[in-house]
Structures are given as C-alpha cells and as structure tokens.
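Undergrad: Data: query-v3.txt, compact mmCIF, N, CA and C atoms.
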# COMPACT_ATOMS: atom_id res chain seq x y z
N GLY A 1 -124.75 -50.32 120.13
CA GLY A 1 -124.36 -50.77 118.82
C GLY A 1 -123.36 -49.83 118.18
N ARG A 2 -123.31 -49.89 116.90
CA ARG A 2 -122.35 -49.10 116.12
C ARG A 2 -122.64 -47.61 116.21
N SER A 3 -123.90 -47.25 116.36
CA SER A 3 -124.28 -45.85 116.45
C SER A 3 -123.68 -45.20 117.70
N GLU A 4 -123.71 -45.92 118.80
CA GLU A 4 -123.13 -45.40 120.04
C GLU A 4 -121.62 -45.23 119.89
N GLU A 5 -120.98 -46.22 119.27
CA GLU A 5 -119.54 -46.15 119.02
C GLU A 5 -119.21 -44.97 118.11
N ALA A 6 -120.03 -44.77 117.08
CA ALA A 6 -119.81 -43.66 116.16
C ALA A 6 -119.91 -42.32 116.89
N GLY A 7 -120.85 -42.21 117.80
CA GLY A 7 -120.99 -40.99 118.58
C GLY A 7 -119.76 -40.71 119.43
N LYS A 8 -119.26 -41.73 120.10
CA LYS A 8 -118.07 -41.57 120.94
C LYS A 8 -116.86 -41.18 120.10
N LEU A 9 -116.70 -41.84 118.96
CA LEU A 9 -115.58 -41.51 118.07
C LEU A 9 -115.73 -40.10 117.51
N GLY A 10 -116.96 -39.72 117.19
CA GLY A 10 -117.20 -38.38 116.67
C GLY A 10 -116.81 -37.30 117.66
N VAL A 11 -117.12 -37.53 118.93
CA VAL A 11 -116.73 -36.58 119.97
C VAL A 11 -115.21 -36.50 120.05
N GLN A 12 -114.54 -37.65 120.01
CA GLN A 12 -113.07 -37.68 120.07
C GLN A 12 -112.47 -36.92 118.89
N VAL A 13 -112.99 -37.16 117.70
CA VAL A 13 -112.47 -36.49 116.50
C VAL A 13 -112.65 -34.98 116.62
N MET A 14 -113.85 -34.56 117.02
CA MET A 14 -114.13 -33.13 117.14
C MET A 14 -113.23 -32.47 118.18
N GLU A 15 -113.10 -33.08 119.35
CA GLU A 15 -112.29 -32.51 120.41
C GLU A 15 -110.81 -32.46 120.02
N THR A 16 -110.32 -33.53 119.41
CA THR A 16 -108.92 -33.56 118.97
C THR A 16 -108.68 -32.50 117.90
N SER A 17 -109.61 -32.37 116.99
CA SER A 17 -109.48 -31.37 115.93
C SER A 17 -109.46 -29.96 116.51
N LYS A 18 -110.35 -29.70 117.47
CA LYS A 18 -110.36 -28.38 118.11
C LYS A 18 -109.03 -28.09 118.80
N THR A 19 -108.50 -29.09 119.50
CA THR A 19 -107.26 -28.92 120.25
C THR A 19 -106.06 -28.75 119.33
N LYS A 20 -105.96 -29.60 118.33
CA LYS A 20 -104.77 -29.62 117.47
C LYS A 20 -104.82 -28.59 116.35
N LEU A 21 -106.01 -28.36 115.78
CA LEU A 21 -106.12 -27.51 114.60
C LEU A 21 -106.78 -26.17 114.88
N GLY A 22 -107.57 -26.11 115.93
CA GLY A 22 -108.29 -24.89 116.28
C GLY A 22 -109.77 -25.00 115.99
N ALA A 23 -110.55 -24.22 116.72
CA ALA A 23 -112.01 -24.30 116.63
C ALA A 23 -112.56 -23.90 115.27
N ASP A 24 -111.82 -23.05 114.54
CA ASP A 24 -112.31 -22.56 113.26
C ASP A 24 -111.71 -23.26 112.05
N HIS A 25 -110.93 -24.30 112.27
CA HIS A 25 -110.32 -25.04 111.15
C HIS A 25 -111.39 -25.80 110.38
N ALA A 26 -111.20 -25.93 109.08
CA ALA A 26 -112.17 -26.61 108.22
C ALA A 26 -112.46 -28.03 108.71
N HIS A 27 -111.43 -28.77 109.12
CA HIS A 27 -111.64 -30.14 109.59
C HIS A 27 -112.47 -30.17 110.88
N THR A 28 -112.27 -29.18 111.73
CA THR A 28 -113.06 -29.10 112.96
C THR A 28 -114.53 -28.85 112.63
N LEU A 29 -114.78 -27.94 111.70
CA LEU A 29 -116.16 -27.64 111.31
C LEU A 29 -116.83 -28.86 110.69
N ILE A 30 -116.10 -29.60 109.87
CA ILE A 30 -116.64 -30.82 109.27
C ILE A 30 -116.96 -31.85 110.37
N SER A 31 -116.06 -31.97 111.34
CA SER A 31 -116.30 -32.95 112.42
C SER A 31 -117.50 -32.55 113.27
N MET A 32 -117.72 -31.25 113.46
CA MET A 32 -118.90 -30.78 114.19
C MET A 32 -120.17 -31.16 113.43
N ASN A 33 -120.16 -30.91 112.14
CA ASN A 33 -121.30 -31.24 111.29
C ASN A 33 -121.59 -32.74 111.33
N ASN A 34 -120.55 -33.54 111.17
CA ASN A 34 -120.71 -34.99 111.17
C ASN A 34 -121.25 -35.50 112.51
N LEU A 35 -120.74 -34.95 113.61
CA LEU A 35 -121.20 -35.38 114.93
C LEU A 35 -122.66 -34.99 115.15
N ALA A 36 -123.04 -33.80 114.69
CA ALA A 36 -124.44 -33.39 114.82
C ALA A 36 -125.35 -34.38 114.10
N TRP A 37 -124.96 -34.79 112.89
CA TRP A 37 -125.76 -35.77 112.14
C TRP A 37 -125.80 -37.12 112.86
N THR A 38 -124.67 -37.54 113.42
CA THR A 38 -124.63 -38.80 114.16
C THR A 38 -125.58 -38.76 115.34
N TRP A 39 -125.53 -37.67 116.09
CA TRP A 39 -126.43 -37.53 117.23
C TRP A 39 -127.88 -37.51 116.78
N LYS A 40 -128.16 -36.84 115.68
CA LYS A 40 -129.54 -36.79 115.16
C LYS A 40 -130.00 -38.20 114.80
N ASP A 41 -129.12 -38.97 114.15
CA ASP A 41 -129.44 -40.35 113.79
C ASP A 41 -129.68 -41.23 115.01
N GLN A 42 -129.09 -40.85 116.15
CA GLN A 42 -129.29 -41.58 117.40
C GLN A 42 -130.62 -41.22 118.06
N GLY A 43 -131.34 -40.28 117.49
CA GLY A 43 -132.62 -39.88 118.06
C GLY A 43 -132.55 -38.73 119.04
N ARG A 44 -131.39 -38.15 119.19
CA ARG A 44 -131.26 -36.99 120.07
C ARG A 44 -131.85 -35.78 119.36
N HIS A 45 -132.19 -34.75 120.14
CA HIS A 45 -132.70 -33.53 119.49
C HIS A 45 -131.91 -32.29 119.90
N SER A 46 -131.85 -31.98 121.17
CA SER A 46 -131.25 -30.70 121.57
C SER A 46 -129.75 -30.63 121.28
N GLU A 47 -129.02 -31.73 121.49
CA GLU A 47 -127.58 -31.71 121.27
C GLU A 47 -127.21 -31.48 119.80
N PRO A 48 -127.82 -32.21 118.85
CA PRO A 48 -127.44 -31.96 117.46
C PRO A 48 -127.83 -30.57 116.98
N VAL A 49 -128.96 -30.05 117.44
CA VAL A 49 -129.37 -28.70 117.04
C VAL A 49 -128.36 -27.68 117.55
N ALA A 50 -127.99 -27.79 118.82
CA ALA A 50 -127.03 -26.85 119.41
C ALA A 50 -125.68 -26.93 118.70
N LEU A 51 -125.23 -28.15 118.40
CA LEU A 51 -123.94 -28.31 117.74
C LEU A 51 -123.98 -27.77 116.31
N MET A 52 -125.06 -28.03 115.60
CA MET A 52 -125.17 -27.52 114.23
C MET A 52 -125.26 -26.00 114.23
N LYS A 53 -125.92 -25.41 115.22
CA LYS A 53 -125.96 -23.95 115.35
C LYS A 53 -124.55 -23.40 115.55
N ALA A 54 -123.80 -24.03 116.44
CA ALA A 54 -122.43 -23.60 116.70
C ALA A 54 -121.58 -23.74 115.45
N CYS A 55 -121.79 -24.81 114.71
CA CYS A 55 -121.08 -25.04 113.46
C CYS A 55 -121.40 -23.93 112.46
N ALA A 56 -122.68 -23.60 112.32
CA ALA A 56 -123.10 -22.55 111.39
C ALA A 56 -122.51 -21.20 111.78
N GLN A 57 -122.46 -20.91 113.08
CA GLN A 57 -121.87 -19.65 113.54
C GLN A 57 -120.39 -19.57 113.19
N ALA A 58 -119.68 -20.67 113.40
CA ALA A 58 -118.26 -20.71 113.06
C ALA A 58 -118.07 -20.62 111.54
N GLN A 59 -118.91 -21.31 110.79
CA GLN A 59 -118.82 -21.25 109.33
C GLN A 59 -119.07 -19.82 108.84
N ARG A 60 -120.02 -19.13 109.44
CA ARG A 60 -120.30 -17.73 109.05
C ARG A 60 -119.06 -16.87 109.29
N ARG A 61 -118.43 -17.07 110.44
CA ARG A 61 -117.24 -16.31 110.80
C ARG A 61 -116.07 -16.61 109.85
N VAL A 62 -115.88 -17.89 109.54
CA VAL A 62 -114.72 -18.32 108.77
C VAL A 62 -114.95 -18.25 107.26
N LEU A 63 -116.11 -18.70 106.82
CA LEU A 63 -116.37 -18.85 105.39
C LEU A 63 -117.17 -17.70 104.79
N GLY A 64 -117.89 -16.98 105.62
CA GLY A 64 -118.70 -15.88 105.13
C GLY A 64 -120.18 -16.22 105.14
N GLN A 65 -120.98 -15.17 105.10
CA GLN A 65 -122.42 -15.29 105.27
C GLN A 65 -123.12 -16.01 104.12
N LYS A 66 -122.52 -16.01 102.94
CA LYS A 66 -123.20 -16.60 101.78
C LYS A 66 -122.59 -17.93 101.34
N HIS A 67 -121.69 -18.47 102.14
CA HIS A 67 -121.04 -19.74 101.76
C HIS A 67 -122.06 -20.87 101.79
N PRO A 68 -122.04 -21.76 100.79
CA PRO A 68 -123.02 -22.86 100.73
C PRO A 68 -123.03 -23.76 101.97
N ASN A 69 -121.87 -24.03 102.54
CA ASN A 69 -121.84 -24.89 103.73
C ASN A 69 -122.55 -24.24 104.91
N MET A 70 -122.33 -22.93 105.08
CA MET A 70 -122.98 -22.20 106.16
C MET A 70 -124.49 -22.17 105.94
N LEU A 71 -124.90 -21.89 104.71
CA LEU A 71 -126.33 -21.85 104.41
C LEU A 71 -126.98 -23.21 104.61
N SER A 72 -126.27 -24.27 104.25
CA SER A 72 -126.77 -25.63 104.44
C SER A 72 -126.95 -25.93 105.93
N SER A 73 -125.97 -25.55 106.74
CA SER A 73 -126.06 -25.79 108.18
C SER A 73 -127.26 -25.05 108.78
N LEU A 74 -127.48 -23.80 108.36
CA LEU A 74 -128.63 -23.05 108.85
C LEU A 74 -129.94 -23.70 108.44
N ALA A 75 -130.00 -24.20 107.21
CA ALA A 75 -131.21 -24.87 106.73
C ALA A 75 -131.48 -26.14 107.54
N ILE A 76 -130.43 -26.86 107.88
CA ILE A 76 -130.58 -28.08 108.68
C ILE A 76 -131.12 -27.74 110.07
N VAL A 77 -130.58 -26.70 110.68
CA VAL A 77 -131.07 -26.27 112.00
C VAL A 77 -132.55 -25.93 111.92
N ALA A 78 -132.94 -25.19 110.90
CA ALA A 78 -134.35 -24.82 110.73
C ALA A 78 -135.23 -26.06 110.56
N LYS A 79 -134.75 -27.00 109.77
CA LYS A 79 -135.52 -28.23 109.54
C LYS A 79 -135.65 -29.04 110.84
N TRP A 80 -134.55 -29.17 111.56
CA TRP A 80 -134.58 -29.94 112.80
C TRP A 80 -135.45 -29.28 113.86
N ASN A 81 -135.59 -27.97 113.80
CA ASN A 81 -136.41 -27.24 114.78
C ASN A 81 -137.89 -27.21 114.40
N SER A 82 -138.22 -27.65 113.18
CA SER A 82 -139.62 -27.56 112.74
C SER A 82 -140.44 -28.76 113.19
As structure tokens - that is how I would like this structure written.

TA:
Amino acid sequence: GRSEEAGKLGVQVMETSKTKLGADHAHTLISMNNLAWTWKDQGRHSEPVALMKACAQAQRRVLGQKHPNMLSSLAIVAKWNS
C-alpha cells in the first residue's frame, strides 16, 4: 500500500540528500527522522531505532548537545526501546 511506497520514497529522499547536500545537512537530518518514523509506522523496530540513533548522533555533532531536535530524537529512541 501507500506505506510501502512512502518507505521507498523516504529512502530515495534520504540517499539523494546525503549525496547532494551531505550527511550533516539539515535536510538530510530531517529526511532521516522522517524515514525512521515511516519505518516505525510500518511496524519495523530495529531499522527505525538505528536510523533515529544515527540521526541523533549527527544532530549532536551539527546542532549541539542541547538542541531541541537532538533531545527529541534521543527521547524517541528511548521510547522506542522501552
């Protein structure tokens, strides 16, 4: 259905963003976050957690340790792991 299509498009967006803009670009980080949520909505577990962790690590590097987006990503990882 549409969820599967959304996942495929999300991967394309993330990969294109990484290639064209760089792994630490704001749009790339947003696409990582969005894809993690899409995968979570599809019922996956390990992939969205790993991707959200990677997103949080990049956000920490780029935005800083106290940035709200980074803190939100860490909270989501903790929630998904509970």

Undergrad: Using all atoms listed in the file, which residues sit within 8 Å of region 60-62 of chain A once same-chain residues fewer than 6 positions away are excluded, as a PyMOL selection string?

TA: chain A and resi 24-25+54+69-71

Undergrad: What's the separation between atom C of His67 (chain A) and atom C of Cys55 (chain A), in Å to one decimal place?

TA: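 Spanning atom C of His67 (chain A) to atom C of Cys55 (chain A) is a straight-line distance of 11.1 Å.
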
Undergrad: Can you pull out every residue within 8 Å of Asn33 (chain A), counting all atoms listed in the file, but drop anything in the same chain fewer than 5 positions away, and send it as a PyMOL selection string?

TA: chain A and resi 27-28+38-39+51-52+55-56+73

Undergrad: Could you save the residues just selected, with N, CA and C atoms, as a CSV table (one decimal), keeping the file's coordinate frame?

TA:
chain,number,residue,atom,x,y,z
A,27,HIS,N,-111.4,-28.8,109.1
A,27,HIS,CA,-111.6,-30.1,109.6
A,27,HIS,C,-112.5,-30.2,110.9
A,28,THR,N,-112.3,-29.2,111.7
A,28,THR,CA,-113.1,-29.1,113.0
A,28,THR,C,-114.5,-28.8,112.6
A,38,THR,N,-124.7,-37.5,113.4
A,38,THR,CA,-124.6,-38.8,114.2
A,38,THR,C,-125.6,-38.8,115.3
A,39,TRP,N,-125.5,-37.7,116.1
A,39,TRP,CA,-126.4,-37.5,117.2
A,39,TRP,C,-127.9,-37.5,116.8
A,51,LEU,N,-125.2,-28.2,118.4
A,51,LEU,CA,-123.9,-28.3,117.7
A,51,LEU,C,-124.0,-27.8,116.3
A,52,MET,N,-125.1,-28.0,115.6
A,52,MET,CA,-125.2,-27.5,114.2
A,52,MET,C,-125.3,-26.0,114.2
A,55,CYS,N,-121.8,-24.8,114.7
A,55,CYS,CA,-121.1,-25.0,113.5
A,55,CYS,C,-121.4,-23.9,112.5
A,56,ALA,N,-122.7,-23.6,112.3
A,56,ALA,CA,-123.1,-22.6,111.4
A,56,ALA,C,-122.5,-21.2,111.8
A,73,SER,N,-126.0,-25.6,106.7
A,73,SER,CA,-126.1,-25.8,108.2
A,73,SER,C,-127.3,-25.0,108.8

Undergrad: Quick one: distance from CA of Lys8 (chain A) to atom C of Gly43 (chain A) in Å, one decimal?

TA: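 A separation of 14.9 Å between them.
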
Undergrad: Pull the closest atom pair for each residue of region 12-74 of chain A that gets at most 12 Å from region 3-7 of chain A, along with the distance in Å to one decimal, counting only C-alpha atoms, ordering rows by chain and then ascending residue number, as a tab-separated table.

TA:
residue	atom	partner	partner_atom	distance
A:Gln12	CA	A:Gly7	CA	8.7
A:Val13	CA	A:Gly7	CA	9.9
A:Met14	CA	A:Gly7	CA	10.5
A:Ser31	CA	A:Gly7	CA	11.2
A:Met32	CA	A:Gly7	CA	11.3
A:Asn34	CA	A:Gly7	CA	9.5
A:Leu35	CA	A:Gly7	CA	6.7
A:Ala36	CA	A:Gly7	CA	9.2
A:Trp37	CA	A:Gly7	CA	9.6
A:Thr38	CA	A:Gly7	CA	6.1
A:Trp39	CA	A:Gly7	CA	6.6
A:Lys40	CA	A:Gly7	CA	10.1
A:Asp41	CA	A:Ser3	CA	8.0
A:Gln42	CA	A:Ser3	CA	6.7
A:Gly43	CA	A:Ser3	CA	10.4
A:Arg44	CA	A:Gly7	CA	11.1
A:Glu47	CA	A:Gly7	CA	11.7
A:Pro48	CA	A:Gly7	CA	11.2

Undergrad: To one decimal in Å, tell me the separation between atom C of Ser82 (chain A) and atom C of Lys53 (chain A).

TA: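 Distance between the two atoms: 16.9 Å.
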
Undergrad: Using only N, CA and C atoms, which of the listed residues (A:Gln65, A:Ser72, A:Ser46, A:Gln59) sits closest to Leu29 (chain A)?

TA: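 Between A:Gln65, A:Ser72, A:Ser46, A:Gln59, the residue approaching Leu29 (chain A) most closely is A:Gln59.
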
Undergrad: For the helix (DSSP H, G or I) assignment from backbone DSSP, which residues of chain A qualify? Please present them as number ranges by chain.

TA: A: 2-21, 26-41, 46-63, 68-81

Undergrad: Measuring atom to atom with only C-alpha atoms, identify which of A:Gly64, A:Arg2, A:Ala58, A:Val49 is nearest to Val77 (chain A).

TA: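 Of all the options, A:Val49 lies closest to Val77 (chain A).
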